[in-house]
Structure formats: structure tokens, C-alpha cells
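These notes concern the structure reproduced below.
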Amino acid sequence: MGLGCGPPKRWSLNDTYGFIATFFEAQTRTYSYRAAARCTAAQPPSRSFSVAHEANSSSRAEPQNPKATPSPSHVQRGFHTYFVTHLPSSSLHPDSRLQTGPHHKLPRAAAAPHNAVSGAAPVSPPHLPPNRDLTVVRIPLRSAKHHFGVADSRGSRPYNEDTNQAGTIDIPAFAKRAPISLVRSTMNKSGEGTSADSAYGDPQIFYFGVFDGHGGTQCSDFLRDELHGYIEEAAQEFDLKSSLRPLRKGKKPDSASTGSSTQILPDDEAGGQNKLDKLDIKGSEAVLAKADIPETNKHGAIQEVGNPDAIEGAPPTPVKVSQSKALRLQKELVEEYKKTIGGYFRRFHPPYFHLKQDPDSPEPPVSIESVLTYAFLRADLDFVAAQARKPDPDDPYVADNALNLDEVLGKPHHLPPSGQGIGGRTRFKGGSTASVALISTPTPAPFWHPAASSTLLVGHVGDTRILLCETATGLPLPLTSDHRPSSPSESHRLRKFAASFVTDSFGEERIQGLANSRAFGDMGSKRLGVSAEPEITRTELGPAQYSFLVLMSDGVSGTLSDQEIVDIVKEAKTPEQGAKDVVAYATEVSSDGDNATCLVVRLGGWERRSEGGLGSLGTKEIRDFRRNEALDPRRDI
């Protein structure tokens, strides 16, 4: 087919420049349009699904440009994968006067003491004041192998659907306020270094999370990249205030705040070694009856022990927030669930939510647990609503029906905190489990200091797992419960909506083919009650009371018992080595080859982790038995 008459026109350099100018002009118009649309969508009133905006937003392209300028009232802070700390300057710039031998290449006869006019090198670097004893440094958390370690393996699966995250987030402190004597003690002057303040003027809040995806990685990647942002955003919208603020109000400036030199004390003088020495370490006889260790039966098979439920956490503590605003946000979110999904959520009352003011209620109206619950539910609703708006790859030719047939999901949805789009171009029907741990300290001393007290807050959905290892006994303390349809509490919650459960060939009950009764995503099972309501556990960590914290996916917890996991970590020299050893051993002895991920966080009692109870030898025999069984060539016959 001819395109025109006459000889063909040759492409010139002028045509190239014209094409480039036209392309960049179009890109500039698209960038400005998307930036304006994103700023409009980021305003608080756009959280509710408005029918009036449906017509105008039906043709709006889903934002994909992560560099669009946000609204001034919605400034997105990047996730910090590092922590800021104060270290003695001597560790970075050693005092040359403490060294032995000559510090120059001049002959001894030419050496002379330093004076102002001699021109010799000064003792301390010129950019540091001579009386400065602390230096602010930024340490990547994943490089601090003596404080944190992470390892993962895809096992025998074609790809790894597990993800994880670690860093610090910008939310007000929620730690239990420390006595004034502790705050003014010399603990924050120890040679270990002290944590720098966050943007709120409080000690930094540490965040650790493990996410186990199923059906793909879109949901677990979304939680890794966005869930911490939802927590920050919820704290900001609730106008959450610090639990330490009353203590700081009217505080008189001390020597540290007036710019004078802070004395650096060793750990034994700062109280760290003293706390470790005062621990009441239990013997093996006192712990043996409480240890839950797998055994072998008369046929030589291992009798596995089930994962125990989470310990009972501390009650929620009321916090200072905007009560009216918090109640309004909670009501709006519950109403969105009712209208958008329906089913189970038509009579939905999330834990820690108070949809009306009740002065006679024994629970506080709003707490940090309320903020965490709101963040989990908001993230889940955004992910499900975004997927429902996309074409179904399994049914590309038939018109899609909404998840709830009598409701419309194709309405403008709330953007995630990063402002980026959620998922790919087609609908993702899988999901992910999640377990996150937040640690807040009331003093500048870091939570891994032996003399430091801190508050641990765990939010959990699904079958990922978090354990604490008690220093005195060496026993694991579970902070999460597996959300299975066979669980009595979960079964009671779901049977009013699910017609029946199906038992698979392994004897496990499933709902809609899912082994977990709570999860993010899984849009096909949302109406039956597969929700992201988090199980929240608050734990007060005393000085050196616990040795370490372990977060893991079900590829680890489904293969090994809790006691075996903590015993493997006890034998490692660093948390990083402990995480690698747990994943390597779980992958070696696993029968199904599931993805395995493990995070180990050092706590105050790390130095005495192997002294309590049975130490690491309590499960040595069963671990050797597992390894020998895994190496047996007749295993798969």
C-alpha cells in the first residue's frame, strides 16, 4: 500500500531534533498531569470511595512515576535501612598520644613538641572540636552483623516468595516511661554508644518484618516496600503523641544538652555488666520439665511438637491522640470494608477499634495497637481494591465481575504512602502473611544494651513466626500464633460465613484452598473472612531479660520446633551467623523444600544466651537425628 506520491523523503538531523523535542514536551505534560492527580488523591478526603469522582477518575491512568512531587501536607519519608548512633570519637579518630613509637618518618633528632607556630600536625583532626567525645554515625543495619542478621533460601522451589525488611521508622515513641533516676543515670554515657533521636525527638523506633507470599511475590513485595509507610502514615493521621513527652516537658537542660563534654564510661560502670551478673540463671533441672523438645517413638520416627500459641501480652496503654479524628478514621475504614467487600466485613468489628465513645469501656479508646491495626487493614484494603480494578489474566475475553457482585470496585482507590502503583498490569489473586516487630526504648541507650529496658510490639497475620529467647531459662517464648482454620478461635470466627472447610491429604483444614485463615490479599476469599486483622502482642523487655529475637517464615517454623531454632542461634557467634545456620539447617532437613527466611536481632542478654537451662545441648540429639535422616539415601524411597 502506497503512503504517498513522489520520491521518499530522507530523514534529516533536523527531523531527529524535532522528534526529541516533541517527545520531551509530551513527557512533561504527562508528568505534570500525573503529579497533579497524585496530589489530589493524597488528600485525606479521598480515602472514602466517592461516586462523584468516579466519572472523572475512570480514565485516569494508574500512577507509575515515583518522583512526582507530593502534596505539602503529605511528605513521604524514605524508609531508613540504617540507624543513627553516637560513638566515642576515639573509636573513629584515635588519640595519637596513646600510641607507642614514633608517628612520623622524621629522624628522632628532628622530633619536637607541637606548638601553635611549629606547623606540626595537630593531635586531633581540625574539623572536630578538642572537647568532643561523641561522634554521630550512620550504620546500615544489615551490615551490623553483631546486632542483626538475616538469611533466606528458596529451598527446592523455583523462586523465593519470602521477603523481609529491617530499619527504623519515624513514629512517636510508645515505650513505657522509665523512672527519672534511670533517665538521668550514666547508662546513656557508656562506651557502647547511644541511639540518636528520631525526627520526633524520641529515641529511634526499630522495625523488623518477615513476609511469606503465596501465589507469587507481588503481595509480599508490596508489604516489604509499603507496610512501614502505612504505619507512619496512620500515626500521623491519628496525631499520635509520644509516650515519653510528659517526661520531657519542662526538663531542665543538663550538662549533655548545654554542649559540654560527655564522659564516656565503660559498660561495667554504666550498669551493663552489673545487669548481666545479677541475672538469676536457672539450672537444667528447673527447665527440663518446661522444655518442649521433639522425641523419637519406638519406630524411629520423630514425634513433632506443634507450635504453641503466643504468650499473653501486656494490656494496651492509652496514648495521646486526636480522639475525634481517630474515631472518624476508624469508622470510615470499617464502612469502606462493608461497602467494598461485604460478606464477613458487614458485621466487622476489628480488635482495638472503638467505633463510638464509651467512657465505661475498660480498654483505652485509642492506643498504638489501634494505629497498627488501622495500618494493616488500610494496606490490605488498598491492595485488594487495586487488584480488583485490573483485568483477570485467566478470563481475558469475558467481562469481569466485581469481587462483590452488588458493589462496584472500580472506584478511585487510596494510593500507598510511596505514591506508586500497586502490583502489575493484571490482577494478582495470591497473598502474603506478615509478622512485624517494633522496638521502642525510653532512654537513649539502644535496646541491645544489657542495662536497657524497651517495649516490643508485634503485629502478626498468618503463619510466619516470632520468638523471644529468655536469658535465664534458655526457653523460647512465642509472640505469635499460627492462624489456621483448625484453630479453635479462628474456626469459631470463620464458620458463621464459610459453608465448610476442606481437609487436604495431610489432614490440614483449608478454606478456599488456603492454609491460613488470615492473610493480606487473597481477594477471592476475603468475603469468607480471610482478613488482615493483626494479632498484636506487647511485651516489656527488662534489662538483659531476653537474649535475642527471631523472626522466621513457615519454611523454618514448619520444619523445626521453637526450642531447636533458639538452640541453633545460641551456638552462633553473631546474629548474622545464627540466621544463616538456622536457614541452612532448616533447608537441609526439610521434607518439602519450602522457602525459608530467618532474622535474628540481638537483645541485652546476648552475652549469656547459652548459660540458661539446658543451653544449646537440649536439642543436640534430635538435631543430629534429623541431619542423619536427611542424609540417608533411602529417605525418599
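Within each chain, counting starts at residue 1; across the C-alpha cells, chains are named A, B, ... in the order shown, with ligands numbered 1 upward in that order.
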Original post:
If you count only C-alpha atoms, which residues fall within 8 Å of Arg608 in chain A, apart from same-chain ones fewer than 3 positions away, as number ranges by chain?
Top reply: A: 276, 471, 547, 605, 611-612
**OP:** Using only C-alpha atoms, determine which residues lie at most 7 Å from range 390-394 of chain A, disregarding the query and same-chain residues fewer than 6 positions distant; provide the list as an NGL selection string.
**Re:** :A and (425-427)
Excluding Leu327 in chain A and any residue of its chain fewer than 3 positions from it, enumerate the residues within 12 Å of it, using only C-alpha atoms, and give them as a PDB file with all heavy atoms, in the first residue's frame.
ATOM      1  N   GLU A 237      -1.817  10.473  60.850  1.00  0.00           N
ATOM      2  CA  GLU A 237      -3.226  10.832  60.717  1.00  0.00           C
ATOM      3  C   GLU A 237      -3.959  10.779  62.050  1.00  0.00           C
ATOM      4  O   GLU A 237      -4.913  11.526  62.266  1.00  0.00           O
ATOM      5  CB  GLU A 237      -3.894   9.894  59.705  1.00  0.00           C
ATOM      6  CG  GLU A 237      -3.406  10.115  58.277  1.00  0.00           C
ATOM      7  CD  GLU A 237      -4.119   9.218  57.296  1.00  0.00           C
ATOM      8  OE1 GLU A 237      -4.728   8.218  57.741  1.00  0.00           O
ATOM      9  OE2 GLU A 237      -4.069   9.506  56.088  1.00  0.00           O
ATOM     10  N   PHE A 238      -3.535   9.884  62.942  1.00  0.00           N
ATOM     11  CA  PHE A 238      -4.147   9.808  64.266  1.00  0.00           C
ATOM     12  C   PHE A 238      -3.619  10.897  65.204  1.00  0.00           C
ATOM     13  O   PHE A 238      -4.078  10.994  66.333  1.00  0.00           O
ATOM     14  CB  PHE A 238      -3.867   8.437  64.894  1.00  0.00           C
ATOM     15  CG  PHE A 238      -4.828   7.358  64.494  1.00  0.00           C
ATOM     16  CD1 PHE A 238      -4.993   7.003  63.171  1.00  0.00           C
ATOM     17  CD2 PHE A 238      -5.559   6.678  65.443  1.00  0.00           C
ATOM     18  CE1 PHE A 238      -5.863   6.005  62.792  1.00  0.00           C
ATOM     19  CE2 PHE A 238      -6.440   5.675  65.084  1.00  0.00           C
ATOM     20  CZ  PHE A 238      -6.597   5.337  63.750  1.00  0.00           C
ATOM     21  N   ASP A 239      -2.655  11.684  64.734  1.00  0.00           N
ATOM     22  CA  ASP A 239      -1.990  12.695  65.574  1.00  0.00           C
ATOM     23  C   ASP A 239      -1.420  12.043  66.826  1.00  0.00           C
ATOM     24  O   ASP A 239      -1.576  12.535  67.951  1.00  0.00           O
ATOM     25  CB  ASP A 239      -2.956  13.819  65.954  1.00  0.00           C
ATOM     26  CG  ASP A 239      -3.303  14.705  64.770  1.00  0.00           C
ATOM     27  OD1 ASP A 239      -2.505  14.740  63.823  1.00  0.00           O
ATOM     28  OD2 ASP A 239      -4.368  15.338  64.786  1.00  0.00           O
ATOM     29  N   VAL A 321      -3.816  11.178  71.418  1.00  0.00           N
ATOM     30  CA  VAL A 321      -4.142  11.343  70.005  1.00  0.00           C
ATOM     31  C   VAL A 321      -5.325  12.300  69.905  1.00  0.00           C
ATOM     32  O   VAL A 321      -5.905  12.697  70.913  1.00  0.00           O
ATOM     33  CB  VAL A 321      -4.511   9.994  69.334  1.00  0.00           C
ATOM     34  CG1 VAL A 321      -3.341   9.046  69.333  1.00  0.00           C
ATOM     35  CG2 VAL A 321      -5.705   9.361  70.032  1.00  0.00           C
ATOM     36  N   SER A 322      -5.671  12.623  68.683  1.00  0.00           N
ATOM     37  CA  SER A 322      -6.907  13.368  68.439  1.00  0.00           C
ATOM     38  C   SER A 322      -8.057  12.361  68.457  1.00  0.00           C
ATOM     39  O   SER A 322      -8.271  11.630  67.483  1.00  0.00           O
ATOM     40  CB  SER A 322      -6.826  14.089  67.092  1.00  0.00           C
ATOM     41  OG  SER A 322      -8.042  14.718  66.792  1.00  0.00           O
ATOM     42  N   GLN A 323      -8.780  12.303  69.583  1.00  0.00           N
ATOM     43  CA  GLN A 323      -9.803  11.271  69.762  1.00  0.00           C
ATOM     44  C   GLN A 323     -10.867  11.327  68.676  1.00  0.00           C
ATOM     45  O   GLN A 323     -11.229  10.312  68.095  1.00  0.00           O
ATOM     46  CB  GLN A 323     -10.446  11.414  71.151  1.00  0.00           C
ATOM     47  CG  GLN A 323      -9.493  11.209  72.316  1.00  0.00           C
ATOM     48  CD  GLN A 323      -9.134   9.745  72.508  1.00  0.00           C
ATOM     49  OE1 GLN A 323      -9.756   8.863  71.927  1.00  0.00           O
ATOM     50  NE2 GLN A 323      -8.117   9.482  73.310  1.00  0.00           N
ATOM     51  N   SER A 324     -11.375  12.509  68.390  1.00  0.00           N
ATOM     52  CA  SER A 324     -12.441  12.626  67.395  1.00  0.00           C
ATOM     53  C   SER A 324     -11.952  12.219  66.014  1.00  0.00           C
ATOM     54  O   SER A 324     -12.655  11.525  65.271  1.00  0.00           O
ATOM     55  CB  SER A 324     -12.967  14.068  67.363  1.00  0.00           C
ATOM     56  OG  SER A 324     -11.908  14.973  67.070  1.00  0.00           O
ATOM     57  N   GLN A 330     -11.435   5.406  61.998  1.00  0.00           N
ATOM     58  CA  GLN A 330     -11.797   4.012  62.206  1.00  0.00           C
ATOM     59  C   GLN A 330     -13.170   3.710  61.608  1.00  0.00           C
ATOM     60  O   GLN A 330     -13.361   2.668  60.965  1.00  0.00           O
ATOM     61  CB  GLN A 330     -11.780   3.706  63.699  1.00  0.00           C
ATOM     62  CG  GLN A 330     -10.403   3.762  64.324  1.00  0.00           C
ATOM     63  CD  GLN A 330     -10.421   3.596  65.831  1.00  0.00           C
ATOM     64  OE1 GLN A 330     -11.458   3.277  66.417  1.00  0.00           O
ATOM     65  NE2 GLN A 330      -9.289   3.821  66.475  1.00  0.00           N
ATOM     66  N   LYS A 331     -14.126   4.596  61.803  1.00  0.00           N
ATOM     67  CA  LYS A 331     -15.467   4.389  61.245  1.00  0.00           C
ATOM     68  C   LYS A 331     -15.428   4.369  59.721  1.00  0.00           C
ATOM     69  O   LYS A 331     -16.080   3.540  59.081  1.00  0.00           O
ATOM     70  CB  LYS A 331     -16.408   5.493  61.727  1.00  0.00           C
ATOM     71  CG  LYS A 331     -16.770   5.419  63.205  1.00  0.00           C
ATOM     72  CD  LYS A 331     -17.700   6.559  63.580  1.00  0.00           C
ATOM     73  CE  LYS A 331     -18.062   6.512  65.058  1.00  0.00           C
ATOM     74  NZ  LYS A 331     -18.946   7.644  65.447  1.00  0.00           N
ATOM     75  N   GLU A 332     -14.672   5.285  59.134  1.00  0.00           N
ATOM     76  CA  GLU A 332     -14.593   5.344  57.675  1.00  0.00           C
ATOM     77  C   GLU A 332     -13.981   4.070  57.098  1.00  0.00           C
ATOM     78  O   GLU A 332     -14.433   3.573  56.064  1.00  0.00           O
ATOM     79  CB  GLU A 332     -13.783   6.565  57.249  1.00  0.00           C
ATOM     80  CG  GLU A 332     -14.482   7.899  57.496  1.00  0.00           C
ATOM     81  CD  GLU A 332     -13.618   9.068  57.082  1.00  0.00           C
ATOM     82  OE1 GLU A 332     -12.446   8.837  56.712  1.00  0.00           O
ATOM     83  OE2 GLU A 332     -14.107  10.205  57.137  1.00  0.00           O
ATOM     84  N   LEU A 333     -12.953   3.556  57.759  1.00  0.00           N
ATOM     85  CA  LEU A 333     -12.318   2.345  57.245  1.00  0.00           C
ATOM     86  C   LEU A 333     -13.254   1.152  57.331  1.00  0.00           C
ATOM     87  O   LEU A 333     -13.364   0.352  56.383  1.00  0.00           O
ATOM     88  CB  LEU A 333     -11.031   2.065  58.021  1.00  0.00           C
ATOM     89  CG  LEU A 333     -10.225   0.848  57.567  1.00  0.00           C
ATOM     90  CD1 LEU A 333      -9.773   1.007  56.121  1.00  0.00           C
ATOM     91  CD2 LEU A 333      -9.017   0.618  58.477  1.00  0.00           C
ATOM     92  N   VAL A 334     -13.947   0.995  58.453  1.00  0.00           N
ATOM     93  CA  VAL A 334     -14.896  -0.112  58.591  1.00  0.00           C
ATOM     94  C   VAL A 334     -16.017   0.017  57.567  1.00  0.00           C
ATOM     95  O   VAL A 334     -16.470  -0.978  56.978  1.00  0.00           O
ATOM     96  CB  VAL A 334     -15.448  -0.155  60.028  1.00  0.00           C
ATOM     97  CG1 VAL A 334     -16.579  -1.164  60.139  1.00  0.00           C
ATOM     98  CG2 VAL A 334     -14.340  -0.503  61.018  1.00  0.00           C
ATOM     99  N   TYR A 352      -9.215  -3.650  68.953  1.00  0.00           N
ATOM    100  CA  TYR A 352      -8.613  -2.367  69.327  1.00  0.00           C
ATOM    101  C   TYR A 352      -9.279  -1.178  68.644  1.00  0.00           C
ATOM    102  O   TYR A 352      -8.782  -0.056  68.756  1.00  0.00           O
ATOM    103  CB  TYR A 352      -7.103  -2.347  69.033  1.00  0.00           C
ATOM    104  CG  TYR A 352      -6.361  -3.499  69.644  1.00  0.00           C
ATOM    105  CD1 TYR A 352      -5.898  -4.543  68.856  1.00  0.00           C
ATOM    106  CD2 TYR A 352      -6.135  -3.565  71.015  1.00  0.00           C
ATOM    107  CE1 TYR A 352      -5.218  -5.621  69.410  1.00  0.00           C
ATOM    108  CE2 TYR A 352      -5.454  -4.639  71.581  1.00  0.00           C
ATOM    109  CZ  TYR A 352      -5.003  -5.664  70.777  1.00  0.00           C
ATOM    110  OH  TYR A 352      -4.333  -6.716  71.327  1.00  0.00           O
ATOM    111  N   PHE A 353     -10.390  -1.411  67.934  1.00  0.00           N
ATOM    112  CA  PHE A 353     -11.147  -0.317  67.344  1.00  0.00           C
ATOM    113  C   PHE A 353     -12.311   0.032  68.263  1.00  0.00           C
ATOM    114  O   PHE A 353     -12.977  -0.857  68.794  1.00  0.00           O
ATOM    115  CB  PHE A 353     -11.685  -0.707  65.963  1.00  0.00           C
ATOM    116  CG  PHE A 353     -10.764  -0.348  64.827  1.00  0.00           C
ATOM    117  CD1 PHE A 353      -9.389  -0.348  65.004  1.00  0.00           C
ATOM    118  CD2 PHE A 353     -11.261  -0.015  63.575  1.00  0.00           C
ATOM    119  CE1 PHE A 353      -8.529  -0.039  63.969  1.00  0.00           C
ATOM    120  CE2 PHE A 353     -10.414   0.295  62.531  1.00  0.00           C
ATOM    121  CZ  PHE A 353      -9.045   0.291  62.730  1.00  0.00           C
ATOM    122  N   HIS A 354     -12.572   1.304  68.439  1.00  0.00           N
ATOM    123  CA  HIS A 354     -13.722   1.790  69.195  1.00  0.00           C
ATOM    124  C   HIS A 354     -14.484   2.736  68.268  1.00  0.00           C
ATOM    125  O   HIS A 354     -14.033   3.853  68.013  1.00  0.00           O
ATOM    126  CB  HIS A 354     -13.279   2.503  70.474  1.00  0.00           C
ATOM    127  CG  HIS A 354     -12.600   1.591  71.462  1.00  0.00           C
ATOM    128  ND1 HIS A 354     -13.279   0.918  72.446  1.00  0.00           N
ATOM    129  CD2 HIS A 354     -11.302   1.220  71.578  1.00  0.00           C
ATOM    130  CE1 HIS A 354     -12.431   0.183  73.154  1.00  0.00           C
ATOM    131  NE2 HIS A 354     -11.227   0.349  72.644  1.00  0.00           N
ATOM    132  N   LEU A 355     -15.600   2.232  67.742  1.00  0.00           N
ATOM    133  CA  LEU A 355     -16.346   2.991  66.747  1.00  0.00           C
ATOM    134  C   LEU A 355     -17.237   4.052  67.365  1.00  0.00           C
ATOM    135  O   LEU A 355     -17.851   4.833  66.667  1.00  0.00           O
ATOM    136  CB  LEU A 355     -17.179   2.031  65.896  1.00  0.00           C
ATOM    137  CG  LEU A 355     -16.371   0.907  65.220  1.00  0.00           C
ATOM    138  CD1 LEU A 355     -17.270   0.038  64.372  1.00  0.00           C
ATOM    139  CD2 LEU A 355     -15.234   1.485  64.389  1.00  0.00           C
ATOM    140  N   LYS A 356     -17.340   4.066  68.679  1.00  0.00           N
ATOM    141  CA  LYS A 356     -18.072   5.123  69.374  1.00  0.00           C
ATOM    142  C   LYS A 356     -17.456   5.314  70.746  1.00  0.00           C
ATOM    143  O   LYS A 356     -16.847   4.409  71.313  1.00  0.00           O
ATOM    144  CB  LYS A 356     -19.558   4.781  69.495  1.00  0.00           C
ATOM    145  CG  LYS A 356     -19.854   3.507  70.276  1.00  0.00           C
ATOM    146  CD  LYS A 356     -21.343   3.225  70.330  1.00  0.00           C
ATOM    147  CE  LYS A 356     -21.637   1.938  71.102  1.00  0.00           C
ATOM    148  NZ  LYS A 356     -23.085   1.655  71.180  1.00  0.00           N
ATOM    149  N   GLN A 357     -17.599   6.515  71.265  1.00  0.00           N
ATOM    150  CA  GLN A 357     -17.010   6.815  72.560  1.00  0.00           C
ATOM    151  C   GLN A 357     -17.811   6.149  73.673  1.00  0.00           C
ATOM    152  O   GLN A 357     -19.024   6.315  73.760  1.00  0.00           O
ATOM    153  CB  GLN A 357     -16.962   8.328  72.776  1.00  0.00           C
ATOM    154  CG  GLN A 357     -16.016   9.049  71.814  1.00  0.00           C
ATOM    155  CD  GLN A 357     -15.931  10.526  72.099  1.00  0.00           C
ATOM    156  OE1 GLN A 357     -16.688  11.048  72.903  1.00  0.00           O
ATOM    157  NE2 GLN A 357     -15.014  11.208  71.431  1.00  0.00           N
ATOM    158  N   ASP A 358     -17.099   5.369  74.482  1.00  0.00           N
ATOM    159  CA  ASP A 358     -17.726   4.660  75.598  1.00  0.00           C
ATOM    160  C   ASP A 358     -16.871   4.884  76.839  1.00  0.00           C
ATOM    161  O   ASP A 358     -15.844   4.227  77.025  1.00  0.00           O
ATOM    162  CB  ASP A 358     -17.840   3.161  75.281  1.00  0.00           C
ATOM    163  CG  ASP A 358     -18.594   2.396  76.358  1.00  0.00           C
ATOM    164  OD1 ASP A 358     -19.123   3.050  77.282  1.00  0.00           O
ATOM    165  OD2 ASP A 358     -18.657   1.148  76.280  1.00  0.00           O
ATOM    166  N   PRO A 365      -9.496   4.137  74.676  1.00  0.00           N
ATOM    167  CA  PRO A 365     -10.165   4.417  73.395  1.00  0.00           C
ATOM    168  C   PRO A 365      -9.227   4.299  72.194  1.00  0.00           C
ATOM    169  O   PRO A 365      -9.615   3.787  71.155  1.00  0.00           O
ATOM    170  CB  PRO A 365     -10.678   5.848  73.583  1.00  0.00           C
ATOM    171  CG  PRO A 365      -9.856   6.410  74.698  1.00  0.00           C
ATOM    172  CD  PRO A 365      -9.498   5.277  75.589  1.00  0.00           C
ATOM    173  N   VAL A 366      -7.998   4.776  72.321  1.00  0.00           N
ATOM    174  CA  VAL A 366      -7.029   4.702  71.231  1.00  0.00           C
ATOM    175  C   VAL A 366      -5.670   4.362  71.839  1.00  0.00           C
ATOM    176  O   VAL A 366      -5.287   4.901  72.877  1.00  0.00           O
ATOM    177  CB  VAL A 366      -6.943   6.025  70.453  1.00  0.00           C
ATOM    178  CG1 VAL A 366      -5.927   5.896  69.322  1.00  0.00           C
ATOM    179  CG2 VAL A 366      -8.298   6.415  69.896  1.00  0.00           C
ATOM    180  N   SER A 367      -4.960   3.453  71.191  1.00  0.00           N
ATOM    181  CA  SER A 367      -3.632   3.043  71.634  1.00  0.00           C
ATOM    182  C   SER A 367      -2.766   2.819  70.403  1.00  0.00           C
ATOM    183  O   SER A 367      -3.235   2.905  69.265  1.00  0.00           O
ATOM    184  CB  SER A 367      -3.716   1.753  72.472  1.00  0.00           C
ATOM    185  OG  SER A 367      -4.271   0.696  71.703  1.00  0.00           O
ATOM    186  N   SER A 370      -4.210   0.326  68.217  1.00  0.00           N
ATOM    187  CA  SER A 370      -5.226   0.809  67.276  1.00  0.00           C
ATOM    188  C   SER A 370      -4.581   1.327  65.997  1.00  0.00           C
ATOM    189  O   SER A 370      -5.075   1.084  64.890  1.00  0.00           O
ATOM    190  CB  SER A 370      -6.063   1.914  67.928  1.00  0.00           C
ATOM    191  OG  SER A 370      -6.595   1.507  69.158  1.00  0.00           O
ATOM    192  N   VAL A 371      -3.479   2.048  66.146  1.00  0.00           N
ATOM    193  CA  VAL A 371      -2.779   2.586  64.982  1.00  0.00           C
ATOM    194  C   VAL A 371      -2.235   1.457  64.114  1.00  0.00           C
ATOM    195  O   VAL A 371      -2.345   1.486  62.882  1.00  0.00           O
ATOM    196  CB  VAL A 371      -1.646   3.523  65.442  1.00  0.00           C
ATOM    197  CG1 VAL A 371      -0.826   4.012  64.254  1.00  0.00           C
ATOM    198  CG2 VAL A 371      -2.215   4.710  66.221  1.00  0.00           C
ATOM    199  N   TYR A 374      -5.092  -0.292  62.282  1.00  0.00           N
ATOM    200  CA  TYR A 374      -5.556   0.545  61.173  1.00  0.00           C
ATOM    201  C   TYR A 374      -4.596   0.451  59.986  1.00  0.00           C
ATOM    202  O   TYR A 374      -5.033   0.356  58.828  1.00  0.00           O
ATOM    203  CB  TYR A 374      -5.679   1.995  61.645  1.00  0.00           C
ATOM    204  CG  TYR A 374      -6.187   2.952  60.590  1.00  0.00           C
ATOM    205  CD1 TYR A 374      -7.547   3.186  60.444  1.00  0.00           C
ATOM    206  CD2 TYR A 374      -5.310   3.616  59.736  1.00  0.00           C
ATOM    207  CE1 TYR A 374      -8.022   4.057  59.470  1.00  0.00           C
ATOM    208  CE2 TYR A 374      -5.767   4.485  58.766  1.00  0.00           C
ATOM    209  CZ  TYR A 374      -7.123   4.700  58.637  1.00  0.00           C
ATOM    210  OH  TYR A 374      -7.593   5.558  57.673  1.00  0.00           O
TER     211      TYR A 374
END
Subject >> From A:Ala572, A:Ala291, A:Ala630, A:Ile368, residue lying nearest Asp592 in chain A [only C-alpha atoms] >> reply: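 Between A:Ala572, A:Ala291, A:Ala630, A:Ile368, the residue approaching Asp592 in chain A most closely is A:Ala630.
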Subject >> Residue set, range 480-627 of chain A restricted to alpha helix (DSSP H), as number ranges by chain >> reply: A: 488-494, 554-557, 562-570, 575-589, 620-627
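Considering the residues A:Val319, A:Ala445, A:Val305, A:Leu494 and counting only C-alpha atoms, Asp562 in chain A has its shortest atom-to-atom contact with A:Val305.
Minimum atom-to-atom distance to Ile439 in chain A, evaluated using only C-alpha atoms, belongs to A:Arg538 out of A:Arg538, A:Arg634, A:Arg465, A:His214.
Across A:Leu372, A:Leu244, A:Tyr337, A:Phe348, the tightest approach to Lys320 in chain A is made by A:Leu244 when counting only C-alpha atoms.
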Original post:
If we count only C-alpha atoms, what is near range 513-523 of chain A at a cut-off of 9 Å, once residues fewer than 3 positions away on the same chain are taken out, given as a PyMOL selection string?
Top reply: chain A and resi 219-220+223+376-377+379-381+383-385+387-388+403+428-434+461-463+482-485+490-491+494+501-502+504+508-510+526-527+529-534
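Among the candidates A:Ser12, A:Thr443, A:Thr373, A:Thr163, the one nearest to Ile205 in chain A when counting only C-alpha atoms is A:Thr443.
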**OP:** May I ask for the distance between CA of Gly155 in chain A and CA of Leu603 in chain A, given in Å to one decimal place?
**Re:**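 Interatomic distance, CA of Gly155 in chain A to CA of Leu603 in chain A: 28.9 Å.
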**OP:** Give me the residues within 12 Å of Ser454 in chain A as a ChimeraX atom specification, counting only C-alpha atoms and dropping any in the same chain fewer than 3 places off.
**Re:** /A:173-178,203-206,438-451,457,538-546,603-604
With C-alpha atoms retained, export the selected residues as an mmCIF file, in the first residue's frame.
data_model
loop_
_atom_site.group_PDB
_atom_site.id
_atom_site.type_symbol
_atom_site.label_atom_id
_atom_site.label_comp_id
_atom_site.auth_asym_id
_atom_site.auth_seq_id
_atom_site.Cartn_x
_atom_site.Cartn_y
_atom_site.Cartn_z
ATOM 1 C CA ALA A 173 7.820 6.511 70.901
ATOM 2 C CA PHE A 174 5.443 4.033 72.561
ATOM 3 C CA ALA A 175 7.838 2.676 75.195
ATOM 4 C CA LYS A 176 6.884 2.508 78.834
ATOM 5 C CA ARG A 177 8.233 5.601 80.504
ATOM 6 C CA ALA A 178 11.348 4.920 82.569
ATOM 7 C CA PRO A 203 14.825 7.503 70.581
ATOM 8 C CA GLN A 204 14.601 5.727 67.225
ATOM 9 C CA ILE A 205 11.914 3.083 66.647
ATOM 10 C CA PHE A 206 13.370 -0.084 65.129
ATOM 11 C CA LEU A 438 8.684 -2.693 66.543
ATOM 12 C CA ILE A 439 11.077 -1.876 69.401
ATOM 13 C CA SER A 440 10.918 1.417 71.310
ATOM 14 C CA THR A 441 13.263 2.453 74.135
ATOM 15 C CA PRO A 442 12.548 5.099 76.804
ATOM 16 C CA THR A 443 16.171 6.243 77.032
ATOM 17 C CA PRO A 444 18.935 6.943 74.509
ATOM 18 C CA ALA A 445 20.554 3.599 75.338
ATOM 19 C CA PRO A 446 19.985 1.139 72.429
ATOM 20 C CA PHE A 447 17.744 -1.856 73.046
ATOM 21 C CA TRP A 448 20.653 -4.299 72.769
ATOM 22 C CA HIS A 449 22.445 -2.711 75.740
ATOM 23 C CA PRO A 450 22.401 -5.076 78.764
ATOM 24 C CA ALA A 451 21.092 -2.331 81.073
ATOM 25 C CA LEU A 457 5.225 -4.535 69.832
ATOM 26 C CA ARG A 538 3.010 -6.071 73.605
ATOM 27 C CA THR A 539 5.994 -7.236 75.673
ATOM 28 C CA GLU A 540 8.114 -5.275 78.116
ATOM 29 C CA LEU A 541 11.783 -6.203 77.785
ATOM 30 C CA GLY A 542 13.696 -5.821 81.032
ATOM 31 C CA PRO A 543 17.463 -5.332 81.258
ATOM 32 C CA ALA A 544 19.159 -8.448 79.846
ATOM 33 C CA GLN A 545 15.903 -10.379 80.328
ATOM 34 C CA TYR A 546 15.951 -11.761 76.790
ATOM 35 C CA LEU A 603 18.956 -8.160 72.753
ATOM 36 C CA GLY A 604 20.505 -7.277 76.104
#
